[in-house]
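Visitor: The file below is structure22.pdb, PDB, C-alpha atoms, pLDDT in the B column:
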```pdb
ATOM      1  CA  MET A 260     218.872-172.586-191.628  1.00 47.00           C
ATOM      2  CA  THR A 261     220.013-174.920-188.890  1.00 51.00           C
ATOM      3  CA  THR A 262     217.842-176.080-185.960  1.00 53.00           C
ATOM      4  CA  PRO A 263     217.526-179.620-187.350  1.00 60.00           C
ATOM      5  CA  GLY A 264     215.683-181.643-184.740  1.00 75.00           C
ATOM      6  CA  LEU A 265     213.454-179.466-182.645  1.00 80.00           C
ATOM      7  CA  PRO A 266     211.101-181.539-180.481  1.00 84.00           C
ATOM      8  CA  LEU A 267     207.370-181.384-180.873  1.00 84.00           C
ATOM      9  CA  TRP A 268     206.793-179.435-177.656  1.00 84.00           C
ATOM     10  CA  VAL A 269     208.741-176.576-179.225  1.00 84.00           C
ATOM     11  CA  THR A 270     207.434-176.600-182.767  1.00 86.00           C
ATOM     12  CA  VAL A 271     203.685-176.767-182.108  1.00 90.00           C
ATOM     13  CA  PRO A 272     203.385-173.839-179.651  1.00 91.00           C
ATOM     14  CA  GLY A 273     206.221-172.057-181.451  1.00 90.00           C
ATOM     15  CA  THR A 274     204.379-172.122-184.770  1.00 92.00           C
ATOM     16  CA  LEU A 275     201.160-170.820-183.250  1.00 93.00           C
ATOM     17  CA  LEU A 276     202.956-168.094-181.274  1.00 93.00           C
ATOM     18  CA  LEU A 277     205.030-166.938-184.231  1.00 93.00           C
ATOM     19  CA  VAL A 278     202.020-166.648-186.531  1.00 93.00           C
ATOM     20  CA  ALA A 279     200.070-164.799-183.826  1.00 94.00           C
ATOM     21  CA  GLY A 280     202.985-162.469-183.083  1.00 93.00           C
ATOM     22  CA  GLY A 281     203.545-161.593-186.729  1.00 93.00           C
ATOM     23  CA  LEU A 282     199.875-160.914-187.322  1.00 93.00           C
ATOM     24  CA  LEU A 283     199.627-158.773-184.174  1.00 93.00           C
ATOM     25  CA  ALA A 284     202.650-156.678-185.119  1.00 92.00           C
ATOM     26  CA  MET A 285     201.311-156.170-188.634  1.00 92.00           C
ATOM     27  CA  ILE A 286     197.845-155.200-187.361  1.00 93.00           C
ATOM     28  CA  GLY A 287     199.441-152.697-185.000  1.00 92.00           C
ATOM     29  CA  ALA A 288     201.477-151.100-187.786  1.00 92.00           C
ATOM     30  CA  LEU A 289     198.417-151.030-190.036  1.00 92.00           C
ATOM     31  CA  GLY A 290     196.534-149.182-187.303  1.00 92.00           C
ATOM     32  CA  LEU A 291     199.467-146.761-186.979  1.00 91.00           C
ATOM     33  CA  VAL A 292     199.051-145.877-190.642  1.00 91.00           C
ATOM     34  CA  ARG A 293     195.291-146.002-191.002  1.00 91.00           C
ATOM     35  CA  LEU A 294     193.853-144.405-187.846  1.00 90.00           C
ATOM     36  CA  ARG A 295     192.874-140.758-187.971  1.00 88.00           C
ATOM     37  CA  ASP A 296     194.020-138.808-184.932  1.00 88.00           C
ATOM     38  CA  PHE A 297     196.993-139.052-182.638  1.00 88.00           C
ATOM     39  CA  PRO A 298     195.343-140.478-179.474  1.00 88.00           C
ATOM     40  CA  SER A 299     193.912-143.400-181.418  1.00 90.00           C
ATOM     41  CA  ARG A 300     197.181-143.827-183.294  1.00 90.00           C
ATOM     42  CA  MET A 301     198.934-143.944-179.941  1.00 89.00           C
ATOM     43  CA  HIS A 302     197.439-147.239-178.846  1.00 87.00           C
ATOM     44  CA  ALA A 303     197.607-149.101-182.155  1.00 88.00           C
ATOM     45  CA  PRO A 304     201.281-150.200-182.086  1.00 88.00           C
ATOM     46  CA  THR A 305     201.183-151.130-178.412  1.00 88.00           C
ATOM     47  CA  ILE A 306     199.436-154.387-179.324  1.00 87.00           C
ATOM     48  CA  GLY A 307     202.456-155.294-181.437  1.00 83.00           C
ATOM     49  CA  THR A 308     205.024-154.127-178.926  1.00 86.00           C
ATOM     50  CA  THR A 309     203.608-155.920-175.897  1.00 89.00           C
ATOM     51  CA  LEU A 310     201.691-158.972-177.050  1.00 91.00           C
ATOM     52  CA  GLY A 311     203.623-159.529-180.302  1.00 90.00           C
ATOM     53  CA  SER A 312     207.002-159.259-178.624  1.00 90.00           C
ATOM     54  CA  GLY A 313     205.707-161.473-175.809  1.00 91.00           C
ATOM     55  CA  CYS A 314     204.829-164.196-178.328  1.00 92.00           C
ATOM     56  CA  VAL A 315     208.227-163.984-180.037  1.00 92.00           C
ATOM     57  CA  LEU A 316     210.111-163.944-176.738  1.00 92.00           C
ATOM     58  CA  VAL A 317     208.300-167.046-175.448  1.00 92.00           C
ATOM     59  CA  THR A 318     209.130-168.835-178.711  1.00 91.00           C
ATOM     60  CA  SER A 319     212.753-167.751-178.432  1.00 90.00           C
ATOM     61  CA  MET A 320     212.837-169.089-174.889  1.00 90.00           C
ATOM     62  CA  LEU A 321     211.424-172.451-176.023  1.00 90.00           C
ATOM     63  CA  VAL A 322     213.862-172.768-178.936  1.00 89.00           C
ATOM     64  CA  SER A 323     216.961-171.891-176.927  1.00 88.00           C
ATOM     65  CA  SER A 324     215.964-174.230-174.077  1.00 88.00           C
ATOM     66  CA  ALA A 325     215.494-177.059-176.579  1.00 88.00           C
ATOM     67  CA  MET A 326     218.849-176.326-178.218  1.00 85.00           C
ATOM     68  CA  LEU A 327     220.854-176.161-175.015  1.00 84.00           C
ATOM     69  CA  GLY A 328     218.954-178.999-173.340  1.00 83.00           C
ATOM     70  CA  ARG A 329     218.272-177.030-170.182  1.00 86.00           C
ATOM     71  CA  PRO A 330     215.779-174.330-169.259  1.00 86.00           C
ATOM     72  CA  VAL A 331     216.948-170.937-170.538  1.00 84.00           C
ATOM     73  CA  ALA A 332     215.286-167.731-169.409  1.00 82.00           C
ATOM     74  CA  HIS A 333     217.483-164.941-170.862  1.00 83.00           C
ATOM     75  CA  GLU A 334     214.549-163.564-172.766  1.00 85.00           C
ATOM     76  CA  LEU A 335     212.705-162.733-169.573  1.00 89.00           C
ATOM     77  CA  LEU A 336     215.108-159.772-169.350  1.00 89.00           C
ATOM     78  CA  ILE A 337     213.821-158.275-172.598  1.00 89.00           C
ATOM     79  CA  THR A 338     210.220-159.077-171.646  1.00 89.00           C
ATOM     80  CA  LEU A 339     210.618-157.358-168.296  1.00 91.00           C
ATOM     81  CA  PHE A 340     212.294-154.357-169.893  1.00 90.00           C
ATOM     82  CA  VAL A 341     209.602-153.984-172.563  1.00 90.00           C
ATOM     83  CA  VAL A 342     206.791-154.336-170.028  1.00 90.00           C
ATOM     84  CA  VAL A 343     208.374-151.730-167.771  1.00 91.00           C
ATOM     85  CA  THR A 344     209.286-149.197-170.462  1.00 91.00           C
ATOM     86  CA  ALA A 345     206.280-149.287-172.822  1.00 90.00           C
ATOM     87  CA  PRO A 346     203.926-147.407-170.438  1.00 90.00           C
ATOM     88  CA  ILE A 347     206.617-144.802-169.699  1.00 92.00           C
ATOM     89  CA  THR A 348     207.143-143.947-173.365  1.00 92.00           C
ATOM     90  CA  ALA A 349     203.385-143.898-173.967  1.00 91.00           C
ATOM     91  CA  MET A 350     202.797-141.564-171.047  1.00 92.00           C
ATOM     92  CA  LEU A 351     205.590-139.161-172.002  1.00 91.00           C
ATOM     93  CA  LEU A 352     204.528-139.055-175.656  1.00 91.00           C
ATOM     94  CA  MET A 353     200.900-138.444-174.751  1.00 92.00           C
ATOM     95  CA  ARG A 354     201.867-135.647-172.382  1.00 91.00           C
ATOM     96  CA  ALA A 355     203.999-134.085-175.111  1.00 91.00           C
ATOM     97  CA  ALA A 356     201.115-134.353-177.587  1.00 90.00           C
ATOM     98  CA  VAL A 357     198.610-132.755-175.185  1.00 91.00           C
ATOM     99  CA  TYR A 358     201.042-129.957-174.379  1.00 90.00           C
ATOM    100  CA  ARG A 359     201.823-129.221-178.022  1.00 88.00           C
ATOM    101  CA  ASP A 360     198.165-129.271-179.012  1.00 87.00           C
ATOM    102  CA  ALA A 361     197.348-126.786-176.244  1.00 88.00           C
ATOM    103  CA  ILE A 362     200.145-124.480-177.396  1.00 86.00           C
ATOM    104  CA  ARG A 363     199.008-124.663-181.008  1.00 85.00           C
ATOM    105  CA  LYS A 364     195.418-123.853-180.086  1.00 86.00           C
ATOM    106  CA  ARG A 365     196.490-120.921-177.931  1.00 87.00           C
ATOM    107  CA  SER A 366     198.659-119.451-180.664  1.00 84.00           C
ATOM    108  CA  ARG A 367     195.913-119.833-183.233  1.00 78.00           C
ATOM    109  CA  ARG A 368     193.404-117.947-181.106  1.00 70.00           C
TER     110      ARG A 368
ATOM    111  CA  MET B 218     206.579-180.322-188.265  1.00 71.00           C
ATOM    112  CA  ASN B 219     209.974-178.673-188.402  1.00 84.00           C
ATOM    113  CA  ALA B 220     209.333-177.368-191.907  1.00 86.00           C
ATOM    114  CA  ILE B 221     206.069-175.819-190.742  1.00 88.00           C
ATOM    115  CA  PHE B 222     207.934-174.159-187.877  1.00 88.00           C
ATOM    116  CA  GLN B 223     210.481-172.727-190.314  1.00 89.00           C
ATOM    117  CA  GLY B 224     207.631-171.494-192.491  1.00 90.00           C
ATOM    118  CA  ALA B 225     206.004-169.787-189.507  1.00 91.00           C
ATOM    119  CA  ALA B 226     209.349-168.190-188.646  1.00 91.00           C
ATOM    120  CA  TRP B 227     209.648-166.821-192.193  1.00 92.00           C
ATOM    121  CA  PHE B 228     206.060-165.585-192.055  1.00 93.00           C
ATOM    122  CA  ALA B 229     206.690-163.748-188.783  1.00 93.00           C
ATOM    123  CA  SER B 230     209.885-162.192-190.167  1.00 94.00           C
ATOM    124  CA  LEU B 231     208.033-160.941-193.232  1.00 94.00           C
ATOM    125  CA  CYS B 232     205.270-159.568-191.007  1.00 93.00           C
ATOM    126  CA  PHE B 233     207.787-157.611-188.932  1.00 94.00           C
ATOM    127  CA  ALA B 234     209.478-156.292-192.074  1.00 94.00           C
ATOM    128  CA  LEU B 235     206.114-155.158-193.409  1.00 94.00           C
ATOM    129  CA  ALA B 236     205.332-153.529-190.055  1.00 94.00           C
ATOM    130  CA  ILE B 237     208.626-151.601-190.283  1.00 94.00           C
ATOM    131  CA  LEU B 238     207.688-150.412-193.774  1.00 95.00           C
ATOM    132  CA  LEU B 239     204.234-149.280-192.630  1.00 93.00           C
ATOM    133  CA  ALA B 240     205.729-147.424-189.665  1.00 93.00           C
ATOM    134  CA  LEU B 241     208.193-145.830-192.097  1.00 94.00           C
ATOM    135  CA  VAL B 242     205.227-144.504-194.065  1.00 93.00           C
ATOM    136  CA  ARG B 243     203.928-142.882-190.884  1.00 92.00           C
ATOM    137  CA  LEU B 244     207.407-141.596-190.069  1.00 93.00           C
ATOM    138  CA  LEU B 245     207.703-139.836-193.416  1.00 93.00           C
ATOM    139  CA  ARG B 246     204.106-138.642-193.664  1.00 90.00           C
ATOM    140  CA  GLY B 247     203.220-137.914-190.028  1.00 77.00           C
ATOM    141  CA  PRO B 248     201.526-134.553-189.636  1.00 86.00           C
ATOM    142  CA  ALA B 249     202.966-133.717-186.205  1.00 86.00           C
ATOM    143  CA  ALA B 250     206.304-134.395-184.568  1.00 88.00           C
ATOM    144  CA  GLN B 251     204.785-136.770-182.007  1.00 89.00           C
ATOM    145  CA  ASP B 252     203.525-139.008-184.826  1.00 91.00           C
ATOM    146  CA  ARG B 253     207.067-139.346-186.077  1.00 92.00           C
ATOM    147  CA  VAL B 254     208.365-140.195-182.608  1.00 92.00           C
ATOM    148  CA  LEU B 255     205.642-142.825-182.247  1.00 92.00           C
ATOM    149  CA  ALA B 256     206.581-144.307-185.623  1.00 93.00           C
ATOM    150  CA  PHE B 257     210.228-144.390-184.523  1.00 93.00           C
ATOM    151  CA  ASP B 258     209.176-146.274-181.400  1.00 92.00           C
ATOM    152  CA  ALA B 259     207.314-148.849-183.506  1.00 92.00           C
ATOM    153  CA  ILE B 260     210.293-149.155-185.879  1.00 93.00           C
ATOM    154  CA  TYR B 261     212.885-149.967-183.239  1.00 93.00           C
ATOM    155  CA  MET B 262     210.522-152.416-181.545  1.00 92.00           C
ATOM    156  CA  ASN B 263     209.873-154.291-184.790  1.00 93.00           C
ATOM    157  CA  GLY B 264     213.580-154.177-185.609  1.00 93.00           C
ATOM    158  CA  MET B 265     214.307-155.845-182.272  1.00 93.00           C
ATOM    159  CA  LEU B 266     211.691-158.508-183.029  1.00 93.00           C
ATOM    160  CA  THR B 267     213.219-159.091-186.472  1.00 93.00           C
ATOM    161  CA  LEU B 268     216.594-159.637-184.839  1.00 92.00           C
ATOM    162  CA  LEU B 269     215.053-162.128-182.396  1.00 91.00           C
ATOM    163  CA  MET B 270     213.473-163.939-185.350  1.00 92.00           C
ATOM    164  CA  LEU B 271     216.917-164.136-186.950  1.00 91.00           C
ATOM    165  CA  GLY B 272     218.148-165.732-183.740  1.00 89.00           C
ATOM    166  CA  ILE B 273     215.261-168.222-183.723  1.00 88.00           C
ATOM    167  CA  ARG B 274     215.734-169.145-187.380  1.00 87.00           C
ATOM    168  CA  SER B 275     219.469-169.623-187.175  1.00 86.00           C
ATOM    169  CA  GLY B 276     219.328-171.190-183.718  1.00 80.00           C
ATOM    170  CA  SER B 277     222.105-169.122-182.165  1.00 81.00           C
ATOM    171  CA  LEU B 278     222.105-167.134-178.956  1.00 82.00           C
ATOM    172  CA  VAL B 279     224.335-164.232-180.010  1.00 87.00           C
ATOM    173  CA  TYR B 280     221.468-162.130-181.341  1.00 89.00           C
ATOM    174  CA  PHE B 281     219.923-161.901-177.882  1.00 88.00           C
ATOM    175  CA  GLY B 282     222.419-159.353-176.587  1.00 88.00           C
ATOM    176  CA  THR B 283     221.976-157.144-179.606  1.00 91.00           C
ATOM    177  CA  ALA B 284     218.194-157.269-179.214  1.00 91.00           C
ATOM    178  CA  LEU B 285     218.537-156.267-175.558  1.00 91.00           C
ATOM    179  CA  LEU B 286     220.764-153.336-176.543  1.00 92.00           C
ATOM    180  CA  ILE B 287     218.294-152.210-179.200  1.00 92.00           C
ATOM    181  CA  ALA B 288     215.455-152.285-176.665  1.00 91.00           C
ATOM    182  CA  LEU B 289     217.544-150.285-174.186  1.00 92.00           C
ATOM    183  CA  PHE B 290     218.805-147.579-176.512  1.00 94.00           C
ATOM    184  CA  GLY B 291     215.507-147.328-178.339  1.00 93.00           C
ATOM    185  CA  PHE B 292     213.792-146.596-175.048  1.00 93.00           C
ATOM    186  CA  VAL B 293     216.378-143.962-174.182  1.00 93.00           C
ATOM    187  CA  GLY B 294     215.991-142.354-177.608  1.00 93.00           C
ATOM    188  CA  THR B 295     212.209-142.253-177.444  1.00 93.00           C
ATOM    189  CA  VAL B 296     212.218-140.786-173.947  1.00 92.00           C
ATOM    190  CA  ALA B 297     214.756-138.139-175.003  1.00 92.00           C
ATOM    191  CA  LEU B 298     212.659-137.184-178.041  1.00 92.00           C
ATOM    192  CA  ALA B 299     209.440-137.036-176.007  1.00 91.00           C
ATOM    193  CA  LYS B 300     211.155-134.938-173.347  1.00 90.00           C
ATOM    194  CA  PHE B 301     212.420-132.601-176.030  1.00 91.00           C
ATOM    195  CA  LEU B 302     208.918-132.213-177.459  1.00 89.00           C
ATOM    196  CA  LEU B 303     207.539-131.588-173.991  1.00 87.00           C
ATOM    197  CA  ARG B 304     210.080-129.101-172.628  1.00 84.00           C
ATOM    198  CA  GLY B 305     212.273-127.995-175.520  1.00 81.00           C
ATOM    199  CA  GLU B 306     215.293-129.411-173.722  1.00 78.00           C
ATOM    200  CA  VAL B 307     216.384-132.944-172.910  1.00 78.00           C
ATOM    201  CA  ILE B 308     218.474-132.484-169.781  1.00 79.00           C
ATOM    202  CA  GLU B 309     217.412-129.516-167.733  1.00 75.00           C
ATOM    203  CA  PRO B 310     219.873-127.726-165.480  1.00 71.00           C
TER     204      PRO B 310
END
```
Is it possible to express this structure as structure tokens?

Guide:
Amino acid sequence: MTTPGLPLWVTVPGTLLLVAGGLLAMIGALGLVRLRDFPSRMHAPTIGTTLGSGCVLVTSMLVSSAMLGRPVAHELLITLFVVVTAPITAMLLMRAAVYRDAIRKRSRR
Amino acid sequence: MNAIFQGAAWFASLCFALAILLALVRLLRGPAAQDRVLAFDAIYMNGMLTLLMLGIRSGSLVYFGTALLIALFGFVGTVALAKFLLRGEVIEP
């Protein structure tokens, strides 16, 4: 474990963001296991994927800017990618679920 | 303050590991195929976050590229699986 002397403007928001991100991801996974039907299970992990990853990415940005001594914004790439792709996967999966449910109902009748 | 930050980093890593385990439960138990795909989506996302936490804890920048690749290929995999569930074929002629 390196990172010896991180300044205070990194550690205070970093600590809060990391705790919040971990809790959000865990709550999302708990909802993925506990909720009853697929449409409600669909939206449980999105809290972890968007807000949790946002918290971790902001912390990563702070830490790497403090280590290099200049503003670093690599992590915006991952943030942008996650924000763009999460709705696409959700929409495709939901369409697949609706389609498969309709087929199953029709074959049962 | 630095020790508290390291403690928070460990806590977040453990939370992401636990989230992967919970999603694995859904992956193995899921009643329909779309539940398994959703669990796979949650697993690769939390794996990417775990890798970023490794980068934060060790203070190196090399894990960033790997996390970006995981996000990219995970998205491609999920879209391919969802397309397969929807149409029975991934790339249509």

Visitor: Near Leu231 in chain B, within 12 Å and counting only C-alpha atoms, which residues show up once chain neighbours fewer than 3 positions away are dropped, as an mmCIF file with C-alpha atoms, in the coordinates of the input?

Guide:
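Output file around36.cif is given in full below:
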```cif
data_model
loop_
_atom_site.group_PDB
_atom_site.id
_atom_site.type_symbol
_atom_site.label_atom_id
_atom_site.label_comp_id
_atom_site.auth_asym_id
_atom_site.auth_seq_id
_atom_site.Cartn_x
_atom_site.Cartn_y
_atom_site.Cartn_z
ATOM 1 C CA LEU A 277 205.030 -166.938 -184.231
ATOM 2 C CA VAL A 278 202.020 -166.648 -186.531
ATOM 3 C CA GLY A 280 202.985 -162.469 -183.083
ATOM 4 C CA GLY A 281 203.545 -161.593 -186.729
ATOM 5 C CA LEU A 282 199.875 -160.914 -187.322
ATOM 6 C CA ALA A 284 202.650 -156.678 -185.119
ATOM 7 C CA MET A 285 201.311 -156.170 -188.634
ATOM 8 C CA GLY B 224 207.631 -171.494 -192.491
ATOM 9 C CA ALA B 225 206.004 -169.787 -189.507
ATOM 10 C CA ALA B 226 209.349 -168.190 -188.646
ATOM 11 C CA TRP B 227 209.648 -166.821 -192.193
ATOM 12 C CA PHE B 228 206.060 -165.585 -192.055
ATOM 13 C CA ALA B 234 209.478 -156.292 -192.074
ATOM 14 C CA LEU B 235 206.114 -155.158 -193.409
ATOM 15 C CA ALA B 236 205.332 -153.529 -190.055
ATOM 16 C CA ILE B 237 208.626 -151.601 -190.283
ATOM 17 C CA LEU B 238 207.688 -150.412 -193.774
ATOM 18 C CA ASN B 263 209.873 -154.291 -184.790
ATOM 19 C CA GLY B 264 213.580 -154.177 -185.609
ATOM 20 C CA LEU B 266 211.691 -158.508 -183.029
ATOM 21 C CA THR B 267 213.219 -159.091 -186.472
ATOM 22 C CA MET B 270 213.473 -163.939 -185.350
ATOM 23 C CA LEU B 271 216.917 -164.136 -186.950
#
```

Visitor: Pick from B:Lys300, B:Leu255, B:Leu285, B:Val279: nearest to Ser299 in chain A, with all atoms listed in the file counted?

Guide: B:Leu255

Visitor: Compile the contact shell of Thr318 in chain A as number ranges by chain: residues with an atom at most 10 Å away, counting all atoms listed in the file, same-chain residues fewer than 6 positions apart removed.

Guide: A: 269-270, 272-277, 280, 312, 324, 334; B: 226, 269-270, 273

Visitor: What does the structure give for the distance between CA of Ala288 in chain A and CA of Leu239 in chain B, in Å to one decimal?

Guide: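 Value for the CA of Ala288 in chain A-CA of Leu239 in chain B distance: 5.9 Å.
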
Visitor: Within 7 Å of chain A, which residues belong to chain B? Use only C-alpha atoms and report them as number ranges by chain.

Guide: B: 218-219, 222, 225-226, 228-229, 232-233, 235-236, 239-240, 243, 251-252, 259, 262, 266, 273-276, 285, 292, 295-296, 299, 302-303

Visitor: So how far away is CA of Tyr261 in chain B from CA of Glu306 in chain B, in Å?

Guide: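 Those two atoms sit 22.8 Å apart.
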
Visitor: Can you tell me how far CA of Ala297 in chain B sits from CA of Gly247 in chain B, in Å to one decimal?

Guide: 18.9 Å

Visitor: Between A:Trp268, A:Val343, A:Ala332, A:Ser366, which is the closest to Phe281 in chain B once you count only C-alpha atoms?

Guide: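 Using only C-alpha atoms, Phe281 in chain B sits closest to A:Ala332.
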